[in-house]
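Undergrad: Below you'll find data.cif; it's mmCIF, C-alpha atoms.
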```
data_entry
#
loop_
_atom_site.group_PDB
_atom_site.id
_atom_site.type_symbol
_atom_site.label_atom_id
_atom_site.label_comp_id
_atom_site.auth_asym_id
_atom_site.auth_seq_id
_atom_site.Cartn_x
_atom_site.Cartn_y
_atom_site.Cartn_z
ATOM 1 C CA MET T 31 -10.377 22.296 5.929
ATOM 2 C CA TRP T 32 -12.354 21.602 9.110
ATOM 3 C CA LYS T 33 -15.520 21.274 7.037
ATOM 4 C CA LEU T 34 -13.833 18.639 4.857
ATOM 5 C CA LEU T 35 -12.570 16.721 7.906
ATOM 6 C CA TYR T 36 -16.030 16.859 9.436
ATOM 7 C CA GLN T 37 -17.492 15.523 6.188
ATOM 8 C CA LEU T 38 -14.970 12.668 6.072
ATOM 9 C CA ALA T 39 -15.754 11.674 9.663
ATOM 10 C CA SER T 40 -19.403 11.031 8.767
ATOM 11 C CA PRO T 41 -19.950 7.689 6.958
ATOM 12 C CA LYS T 42 -22.711 9.079 4.751
ATOM 13 C CA SER T 43 -20.708 12.159 3.710
ATOM 14 C CA PHE T 44 -17.579 10.060 3.176
ATOM 15 C CA TYR T 45 -19.493 7.715 0.887
ATOM 16 C CA GLN T 46 -20.930 10.584 -1.139
ATOM 17 C CA THR T 47 -17.777 12.743 -1.252
ATOM 18 C CA SER T 48 -15.316 9.934 -2.014
ATOM 19 C CA ARG T 49 -17.183 8.980 -5.185
ATOM 20 C CA ARG T 50 -15.820 12.107 -6.866
ATOM 21 C CA TRP T 51 -12.203 11.233 -5.969
ATOM 22 C CA VAL T 52 -12.132 7.803 -7.617
ATOM 23 C CA PRO T 53 -11.521 8.823 -11.287
ATOM 24 C CA TRP T 54 -8.836 11.365 -10.252
ATOM 25 C CA LEU T 55 -7.032 8.908 -8.015
ATOM 26 C CA GLY T 56 -7.271 6.086 -10.570
ATOM 27 C CA GLY T 57 -6.214 8.254 -13.520
ATOM 28 C CA GLY T 58 -3.401 9.941 -11.582
ATOM 29 C CA ALA T 59 -2.037 6.639 -10.241
ATOM 30 C CA PHE T 60 -2.094 4.985 -13.666
ATOM 31 C CA PHE T 61 -0.431 7.933 -15.424
ATOM 32 C CA LEU T 62 2.305 8.422 -12.815
ATOM 33 C CA LEU T 63 3.078 4.707 -12.532
ATOM 34 C CA VAL T 64 3.304 4.206 -16.301
ATOM 35 C CA VAL T 65 5.514 7.300 -16.814
ATOM 36 C CA GLY T 66 7.685 6.571 -13.745
ATOM 37 C CA ILE T 67 8.252 2.901 -14.593
ATOM 38 C CA LEU T 68 8.934 3.552 -18.291
ATOM 39 C CA TRP T 69 11.346 6.342 -17.347
ATOM 40 C CA GLY T 70 13.075 4.083 -14.832
ATOM 41 C CA LEU T 71 13.299 1.053 -17.113
ATOM 42 C CA VAL T 72 14.113 2.783 -20.406
ATOM 43 C CA PHE T 73 15.649 6.222 -19.897
ATOM 44 C CA ALA T 74 17.401 6.172 -16.490
ATOM 45 C CA PRO T 75 21.122 5.329 -16.838
ATOM 46 C CA PRO T 76 22.467 2.072 -15.360
ATOM 47 C CA ASP T 77 24.135 2.290 -11.949
ATOM 48 C CA TYR T 78 27.952 2.457 -12.041
ATOM 49 C CA GLN T 79 28.246 -0.454 -9.574
ATOM 50 C CA GLN T 80 25.043 -2.475 -9.878
ATOM 51 C CA GLY T 81 24.438 -2.019 -13.605
ATOM 52 C CA ASP T 82 20.818 -2.549 -14.701
ATOM 53 C CA ALA T 83 19.992 -4.594 -11.561
ATOM 54 C CA PHE T 84 19.431 -1.317 -9.700
ATOM 55 C CA ARG T 85 16.211 -0.788 -11.732
ATOM 56 C CA ILE T 86 14.364 -2.929 -9.157
ATOM 57 C CA ILE T 87 14.606 0.221 -7.003
ATOM 58 C CA TYR T 88 11.581 1.665 -8.860
ATOM 59 C CA VAL T 89 9.298 -0.970 -7.353
ATOM 60 C CA HIS T 90 11.209 -1.873 -4.188
ATOM 61 C CA VAL T 91 11.632 1.575 -2.603
ATOM 62 C CA PRO T 92 8.034 2.788 -3.198
ATOM 63 C CA THR T 93 6.522 -0.441 -1.810
ATOM 64 C CA ALA T 94 8.857 -0.404 1.215
ATOM 65 C CA PHE T 95 8.167 3.298 1.863
ATOM 66 C CA LEU T 96 4.406 2.815 1.618
ATOM 67 C CA SER T 97 4.428 -0.263 3.864
ATOM 68 C CA MET T 98 5.823 2.033 6.586
ATOM 69 C CA ALA T 99 3.880 5.192 5.667
ATOM 70 C CA LEU T 100 0.563 3.308 5.735
ATOM 71 C CA TYR T 101 1.395 1.894 9.159
ATOM 72 C CA ALA T 102 2.280 5.367 10.477
ATOM 73 C CA TRP T 103 -1.039 6.642 9.108
ATOM 74 C CA MET T 104 -2.789 3.704 10.830
ATOM 75 C CA GLY T 105 -1.206 4.849 14.099
ATOM 76 C CA PHE T 106 -2.782 8.298 13.622
ATOM 77 C CA LEU T 107 -6.155 6.713 12.789
ATOM 78 C CA ALA T 108 -5.883 4.523 15.893
ATOM 79 C CA LEU T 109 -5.510 7.677 18.009
ATOM 80 C CA LEU T 110 -8.521 9.287 16.284
ATOM 81 C CA LEU T 111 -10.576 6.197 17.056
ATOM 82 C CA LEU T 112 -9.480 5.706 20.667
ATOM 83 C CA ILE T 113 -9.410 9.355 21.788
ATOM 84 C CA TRP T 114 -12.067 11.080 19.691
ATOM 85 C CA ARG T 115 -14.130 7.921 18.952
ATOM 86 C CA ILE T 116 -14.377 8.669 15.234
ATOM 87 C CA LYS T 117 -15.998 5.566 13.742
ATOM 88 C CA MET T 118 -14.687 6.190 10.232
ATOM 89 C CA ALA T 119 -11.105 5.976 11.527
ATOM 90 C CA GLY T 120 -11.692 2.315 12.470
ATOM 91 C CA VAL T 121 -13.007 1.469 8.981
ATOM 92 C CA ILE T 122 -10.113 3.203 7.194
ATOM 93 C CA LEU T 123 -7.558 1.679 9.604
ATOM 94 C CA THR T 124 -8.550 -1.884 8.659
ATOM 95 C CA MET T 125 -8.531 -1.049 4.936
ATOM 96 C CA CYS T 126 -5.055 0.525 5.268
ATOM 97 C CA ALA T 127 -3.864 -2.695 6.929
ATOM 98 C CA GLN T 128 -5.035 -4.746 3.933
ATOM 99 C CA VAL T 129 -3.162 -2.535 1.461
ATOM 100 C CA GLY T 130 -0.156 -2.140 3.783
ATOM 101 C CA ALA T 131 0.216 -5.924 4.041
ATOM 102 C CA SER T 132 0.453 -6.224 0.253
ATOM 103 C CA MET T 133 3.046 -3.393 0.171
ATOM 104 C CA ALA T 134 5.165 -5.066 2.893
ATOM 105 C CA PHE T 135 4.942 -8.378 1.025
ATOM 106 C CA LEU T 136 6.067 -6.739 -2.241
ATOM 107 C CA ALA T 137 8.894 -4.860 -0.497
ATOM 108 C CA LEU T 138 10.234 -8.106 0.975
ATOM 109 C CA VAL T 139 9.956 -10.144 -2.224
ATOM 110 C CA THR T 140 11.359 -7.468 -4.573
ATOM 111 C CA GLY T 141 14.142 -6.844 -2.029
ATOM 112 C CA SER T 142 14.890 -10.560 -1.967
ATOM 113 C CA ILE T 143 15.024 -10.679 -5.790
ATOM 114 C CA TRP T 144 17.378 -7.673 -5.770
ATOM 115 C CA GLY T 145 19.477 -9.227 -3.009
ATOM 116 C CA LYS T 146 20.286 -12.401 -4.940
ATOM 117 C CA PRO T 147 22.480 -10.825 -7.676
ATOM 118 C CA MET T 148 23.922 -8.162 -5.316
ATOM 119 C CA TRP T 149 24.535 -10.099 -2.086
ATOM 120 C CA GLY T 150 24.561 -13.645 -3.474
ATOM 121 C CA ALA T 151 21.636 -14.685 -1.248
ATOM 122 C CA TRP T 152 17.846 -14.479 -1.468
ATOM 123 C CA TRP T 153 17.570 -13.776 2.245
ATOM 124 C CA VAL T 154 19.846 -12.801 5.130
ATOM 125 C CA TRP T 155 18.763 -12.247 8.741
ATOM 126 C CA ASP T 156 19.769 -8.625 8.425
ATOM 127 C CA ALA T 157 18.272 -6.019 10.809
ATOM 128 C CA ARG T 158 16.413 -4.124 8.032
ATOM 129 C CA LEU T 159 14.990 -7.291 6.433
ATOM 130 C CA THR T 160 14.007 -8.849 9.746
ATOM 131 C CA SER T 161 12.274 -5.708 11.044
ATOM 132 C CA GLU T 162 10.360 -5.372 7.729
ATOM 133 C CA LEU T 163 9.339 -9.045 8.050
ATOM 134 C CA ILE T 164 8.056 -8.248 11.559
ATOM 135 C CA LEU T 165 6.007 -5.413 9.999
ATOM 136 C CA LEU T 166 4.407 -7.929 7.604
ATOM 137 C CA PHE T 167 3.569 -10.182 10.591
ATOM 138 C CA LEU T 168 2.099 -7.154 12.401
ATOM 139 C CA TYR T 169 -0.161 -6.451 9.432
ATOM 140 C CA GLY T 170 -1.188 -10.131 9.453
ATOM 141 C CA ALA T 171 -1.938 -10.013 13.196
ATOM 142 C CA ILE T 172 -4.008 -6.827 12.789
ATOM 143 C CA LEU T 173 -6.065 -8.301 9.946
ATOM 144 C CA ALA T 174 -6.582 -11.619 11.773
ATOM 145 C CA THR T 175 -7.667 -9.803 14.960
ATOM 146 C CA GLY T 176 -10.113 -7.590 13.054
ATOM 147 C CA ASN T 177 -11.635 -10.618 11.291
ATOM 148 C CA ALA T 178 -12.012 -12.529 14.560
ATOM 149 C CA TYR T 179 -14.586 -10.052 15.907
ATOM 150 C CA GLN T 180 -18.274 -10.340 14.975
ATOM 151 C CA ASN T 181 -18.852 -6.890 16.457
ATOM 152 C CA LYS T 182 -16.737 -4.786 14.100
ATOM 153 C CA GLU T 183 -16.737 -1.635 16.259
ATOM 154 C CA GLN T 184 -15.379 -3.587 19.237
ATOM 155 C CA GLY T 185 -12.847 -5.248 16.921
ATOM 156 C CA ASP T 186 -11.714 -1.831 15.654
ATOM 157 C CA LYS T 187 -10.757 -0.751 19.181
ATOM 158 C CA VAL T 188 -8.643 -3.874 19.786
ATOM 159 C CA VAL T 189 -7.044 -3.446 16.363
ATOM 160 C CA ALA T 190 -6.277 0.220 17.186
ATOM 161 C CA ILE T 191 -4.488 -0.780 20.412
ATOM 162 C CA LEU T 192 -2.522 -3.474 18.578
ATOM 163 C CA THR T 193 -1.584 -0.912 15.898
ATOM 164 C CA LEU T 194 -0.260 1.519 18.510
ATOM 165 C CA VAL T 195 1.845 -1.225 20.132
ATOM 166 C CA GLY T 196 3.276 -2.171 16.721
ATOM 167 C CA LEU T 197 4.350 1.429 16.002
ATOM 168 C CA VAL T 198 7.599 0.657 17.846
ATOM 169 C CA ASP T 199 8.712 -1.329 14.774
ATOM 170 C CA LEU T 200 8.786 1.752 12.482
ATOM 171 C CA PRO T 201 11.832 3.527 13.994
ATOM 172 C CA ILE T 202 13.566 0.144 14.219
ATOM 173 C CA ILE T 203 13.068 -0.405 10.461
ATOM 174 C CA HIS T 204 14.176 3.144 9.612
ATOM 175 C CA TYR T 205 17.256 3.304 11.846
ATOM 176 C CA SER T 206 18.274 -0.382 11.555
ATOM 177 C CA VAL T 207 20.799 0.487 8.820
ATOM 178 C CA TYR T 208 22.490 3.007 11.160
ATOM 179 C CA TRP T 209 22.225 1.138 14.478
ATOM 180 C CA TRP T 210 23.640 -2.169 13.231
ATOM 181 C CA ASN T 211 26.133 -3.331 10.624
ATOM 182 C CA THR T 212 23.873 -4.466 7.846
ATOM 183 C CA LEU T 213 24.152 -5.549 4.218
ATOM 184 C CA HIS T 214 21.254 -3.257 3.343
ATOM 185 C CA GLN T 215 22.196 0.161 1.977
ATOM 186 C CA GLY T 216 21.199 3.390 3.735
ATOM 187 C CA ALA T 217 18.197 5.531 2.838
ATOM 188 C CA THR T 218 18.066 6.444 -0.882
ATOM 189 C CA PHE T 219 16.478 9.810 -0.144
ATOM 190 C CA SER T 220 15.287 11.730 2.866
ATOM 191 C CA VAL T 221 12.877 14.612 3.415
ATOM 192 C CA PHE T 222 15.519 16.689 5.197
ATOM 193 C CA ALA T 223 18.795 15.795 3.465
ATOM 194 C CA LYS T 224 20.075 16.232 -0.078
ATOM 195 C CA PRO T 225 19.367 12.997 -2.029
ATOM 196 C CA LYS T 226 22.353 10.691 -2.582
ATOM 197 C CA ILE T 227 20.904 9.470 -5.873
ATOM 198 C CA HIS T 228 21.427 11.365 -9.174
ATOM 199 C CA ALA T 229 18.468 13.391 -10.500
ATOM 200 C CA SER T 230 18.181 11.216 -13.634
ATOM 201 C CA MET T 231 17.458 8.235 -11.358
ATOM 202 C CA LEU T 232 15.614 10.169 -8.639
ATOM 203 C CA TYR T 233 12.787 11.726 -10.712
ATOM 204 C CA PRO T 234 11.348 8.411 -11.985
ATOM 205 C CA LEU T 235 11.595 7.092 -8.422
ATOM 206 C CA LEU T 236 9.582 10.048 -7.109
ATOM 207 C CA LEU T 237 6.986 9.539 -9.863
ATOM 208 C CA THR T 238 6.511 5.839 -9.039
ATOM 209 C CA LEU T 239 6.366 6.699 -5.340
ATOM 210 C CA LEU T 240 3.643 9.292 -5.937
ATOM 211 C CA GLY T 241 1.784 6.993 -8.347
ATOM 212 C CA LEU T 242 1.824 4.087 -5.909
ATOM 213 C CA SER T 243 0.690 6.423 -3.091
ATOM 214 C CA LEU T 244 -2.340 7.453 -5.176
ATOM 215 C CA TYR T 245 -2.984 3.785 -5.992
ATOM 216 C CA CYS T 246 -2.963 2.884 -2.267
ATOM 217 C CA LEU T 247 -5.318 5.769 -1.505
ATOM 218 C CA LEU T 248 -7.636 4.610 -4.298
ATOM 219 C CA VAL T 249 -7.736 1.020 -3.000
ATOM 220 C CA VAL T 250 -8.324 2.169 0.596
ATOM 221 C CA VAL T 251 -11.177 4.484 -0.481
ATOM 222 C CA LEU T 252 -12.870 1.841 -2.656
ATOM 223 C CA LYS T 253 -12.574 -0.850 0.032
ATOM 224 C CA ALA T 254 -13.840 1.546 2.713
ATOM 225 C CA ARG T 255 -16.890 2.436 0.572
ATOM 226 C CA ASN T 256 -17.877 -1.254 0.331
ATOM 227 C CA GLU T 257 -17.255 -1.872 4.034
ATOM 228 C CA LEU T 258 -19.311 1.202 4.990
ATOM 229 C CA LEU T 259 -22.405 -0.105 3.211
ATOM 230 C CA LEU T 260 -22.302 -3.298 5.289
ATOM 231 C CA ARG T 261 -21.633 -1.577 8.597
ATOM 232 C CA GLU T 262 -24.235 1.159 8.041
ATOM 233 C CA ARG T 263 -26.907 -1.137 6.567
ATOM 234 C CA ARG T 264 -29.364 -0.139 9.306
ATOM 235 C CA GLN T 265 -29.203 3.490 8.224
ATOM 236 C CA ARG T 266 -31.824 4.921 5.948
ATOM 237 C CA TRP T 267 -29.312 6.326 3.427
ATOM 238 C CA VAL T 268 -27.943 2.823 2.713
ATOM 239 C CA ARG T 269 -31.446 1.430 2.166
ATOM 240 C CA VAL T 270 -32.304 4.298 -0.211
ATOM 241 C CA LEU T 271 -29.005 3.838 -2.062
ATOM 242 C CA MET T 272 -29.464 0.076 -2.429
ATOM 243 C CA GLU T 273 -33.072 0.440 -3.568
ATOM 244 C CA GLY T 274 -31.777 2.853 -6.216
ATOM 245 C CA GLU T 275 -29.302 0.196 -7.383
ATOM 246 C CA GLY T 276 -32.012 -2.486 -7.383
ATOM 247 C CA VAL T 277 -30.449 -4.559 -4.541
ATOM 248 C CA MET E 195 16.315 -1.633 -33.864
ATOM 249 C CA MET E 196 15.433 -5.231 -32.921
ATOM 250 C CA ASN E 197 18.914 -5.701 -31.479
ATOM 251 C CA GLN E 198 18.510 -2.594 -29.329
ATOM 252 C CA PHE E 199 15.192 -3.893 -28.034
ATOM 253 C CA LEU E 200 16.645 -7.319 -27.222
ATOM 254 C CA GLN E 201 19.576 -5.643 -25.493
ATOM 255 C CA TRP E 202 17.138 -3.626 -23.391
ATOM 256 C CA VAL E 203 15.092 -6.744 -22.538
ATOM 257 C CA ALA E 204 18.304 -8.515 -21.448
ATOM 258 C CA MET E 205 18.858 -5.740 -18.852
ATOM 259 C CA GLY E 206 22.618 -6.236 -18.825
ATOM 260 C CA GLY E 207 22.216 -9.888 -17.830
ATOM 261 C CA TYR E 208 19.853 -9.157 -14.913
ATOM 262 C CA SER E 209 16.581 -9.807 -16.786
ATOM 263 C CA ILE E 210 15.788 -12.961 -14.761
ATOM 264 C CA TYR E 211 15.652 -10.752 -11.652
ATOM 265 C CA ILE E 212 14.134 -7.525 -12.980
ATOM 266 C CA TRP E 213 11.182 -8.811 -15.025
ATOM 267 C CA PRO E 214 9.856 -11.240 -12.367
ATOM 268 C CA ALA E 215 10.060 -8.419 -9.785
ATOM 269 C CA TYR E 216 8.019 -6.056 -11.999
ATOM 270 C CA GLY E 217 5.668 -8.886 -12.996
ATOM 271 C CA LEU E 218 4.946 -9.757 -9.374
ATOM 272 C CA VAL E 219 4.227 -6.120 -8.509
ATOM 273 C CA CYS E 220 1.804 -5.865 -11.476
ATOM 274 C CA VAL E 221 0.038 -9.093 -10.433
ATOM 275 C CA VAL E 222 -0.410 -7.941 -6.805
ATOM 276 C CA LEU E 223 -1.630 -4.464 -7.848
ATOM 277 C CA VAL E 224 -4.180 -5.980 -10.260
ATOM 278 C CA MET E 225 -5.240 -8.594 -7.659
ATOM 279 C CA ASN E 226 -5.933 -5.786 -5.168
ATOM 280 C CA LEU E 227 -8.238 -4.106 -7.696
ATOM 281 C CA LEU E 228 -9.967 -7.406 -8.546
ATOM 282 C CA GLY E 229 -10.354 -7.984 -4.789
ATOM 283 C CA ILE E 230 -12.357 -4.750 -4.579
ATOM 284 C CA LYS E 231 -14.646 -5.962 -7.374
ATOM 285 C CA TRP E 232 -15.240 -9.280 -5.534
ATOM 286 C CA GLN E 233 -15.731 -7.433 -2.237
ATOM 287 C CA ARG E 234 -18.341 -5.208 -3.944
ATOM 288 C CA GLN E 235 -20.227 -8.249 -5.280
ATOM 289 C CA ARG E 236 -20.139 -9.978 -1.857
ATOM 290 C CA THR E 237 -21.330 -6.777 -0.155
ATOM 291 C CA ARG E 238 -24.282 -6.401 -2.554
ATOM 292 C CA LYS E 239 -25.206 -10.075 -2.028
ATOM 293 C CA LYS E 240 -25.050 -9.791 1.793
ATOM 294 C CA LEU E 241 -27.091 -6.571 1.750
ATOM 295 C CA HIS E 242 -29.666 -8.169 -0.555
ATOM 296 C CA GLN E 243 -30.069 -11.096 1.878
ATOM 297 C CA TRP E 244 -30.201 -8.771 4.886
ATOM 298 C CA PHE E 245 -32.862 -6.490 3.376
ATOM 299 C CA LYS E 246 -34.897 -9.553 2.353
ATOM 300 C CA LYS E 247 -34.897 -10.809 5.973
ATOM 301 C CA GLN E 248 -36.103 -7.448 7.326
#
```
Would you mind writing the structure in this file as structure tokens?

TA:
Amino acid sequence: MWKLLYQLASPKSFYQTSRRWVPWLGGGAFFLLVVGILWGLVFAPPDYQQGDAFRIIYVHVPTAFLSMALYAWMGFLALLLLIWRIKMAGVILTMCAQVGASMAFLALVTGSIWGKPMWGAWWVWDARLTSELILLFLYGAILATGNAYQNKEQGDKVVAILTLVGLVDLPIIHYSVYWWNTLHQGATFSVFAKPKIHASMLYPLLLTLLGLSLYCLLVVVLKARNELLLRERRQRWVRVLMEGEGV
Amino acid sequence: MMNQFLQWVAMGGYSIYIWPAYGLVCVVLVMNLLGIKWQRQRTRKKLHQWFKKQ
């Protein structure tokens, strides 16, 4: 375990080790997403209140969950960077922000599409929706800040501090449906409580959630590999690698 | 058979909401992957220029 973590903290080892993960992550994500979505769209029964409209859950919940999970992970990476000065954490943090922004965007838009037939409005200034919108803005601010710095390592530190400040939004998003009267329904499932959703609807949801998680991991790894080559271009291993590729 | 398929596509009258939602998700997921391909090409180009200068 420690050996693996040590390997991942070194840019060269990360680049070499991560190459082996790509086909597994890509294949796993594709398989789980196809099975989960087909199961959800074809075989899961319609909801007794919402009818077939509830099927948007299979894209809305996984994207919303991952928009928050990726941000929480970024908070951990920010600590690794600021306390233990692990360079790789800064690279992965920025890549997570890029993927997290697309997940937050999808969660908001699919939620809006679901809201129209159920609530009669595309958007309401509800606590859950507003706090998720703030999360999207946070992702935007993090990406803009990172891009503004010529010196990427200095930029990573500022981005890490900004990420830690933004962590306050996560409990607000999660508990917004309990703290305030909102139109948004409560959590569909929780790690600690028995799920409120029937198994025939839950299993495809878990499959799409797992598939989308693998997809996000795949995108982060592939983006980080490209970014590493640029940042480590002064290192001998990058020169040798590029000469091998004819660059 | 065809009727069953059309009934499924209609999604109980919610097809104008469900299919665009799934379509948008597919587009964004594919765009992310294409973005990696473009990023890879840009990276190779920048590295090529940088090594040439050295």

Undergrad: Please report the interatomic distance between CA of Ile86 (chain T) and CA of Leu247 (chain T) in Å with one decimal.

TA: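 Separation between CA of Ile86 (chain T) and CA of Leu247 (chain T): 22.8 Å.
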
Undergrad: Step by step, work through what the PyMOL selection byres ((chain E) within 9 of (chain T)) selects in the shown file, and finish by giving those residues as a VMD selection string.

TA: chain E and resid 202 205 to 209 211 to 216 218 to 219 222 to 223 226 to 227 229 to 230 233 to 234 237 to 242 244 to 245

Undergrad: CA of Tyr205 (chain T) and CA of Arg158 (chain T) are how many Å apart?

TA: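 We find that CA of Tyr205 (chain T) and CA of Arg158 (chain T) lie 8.4 Å from each other.
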
Undergrad: Report the distance between CA of Glu183 (chain T) and CA of Lys117 (chain T) in Å, rounded to one decimal place.

TA: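 Atom-to-atom, CA of Glu183 (chain T) and CA of Lys117 (chain T) are spaced 7.7 Å apart.
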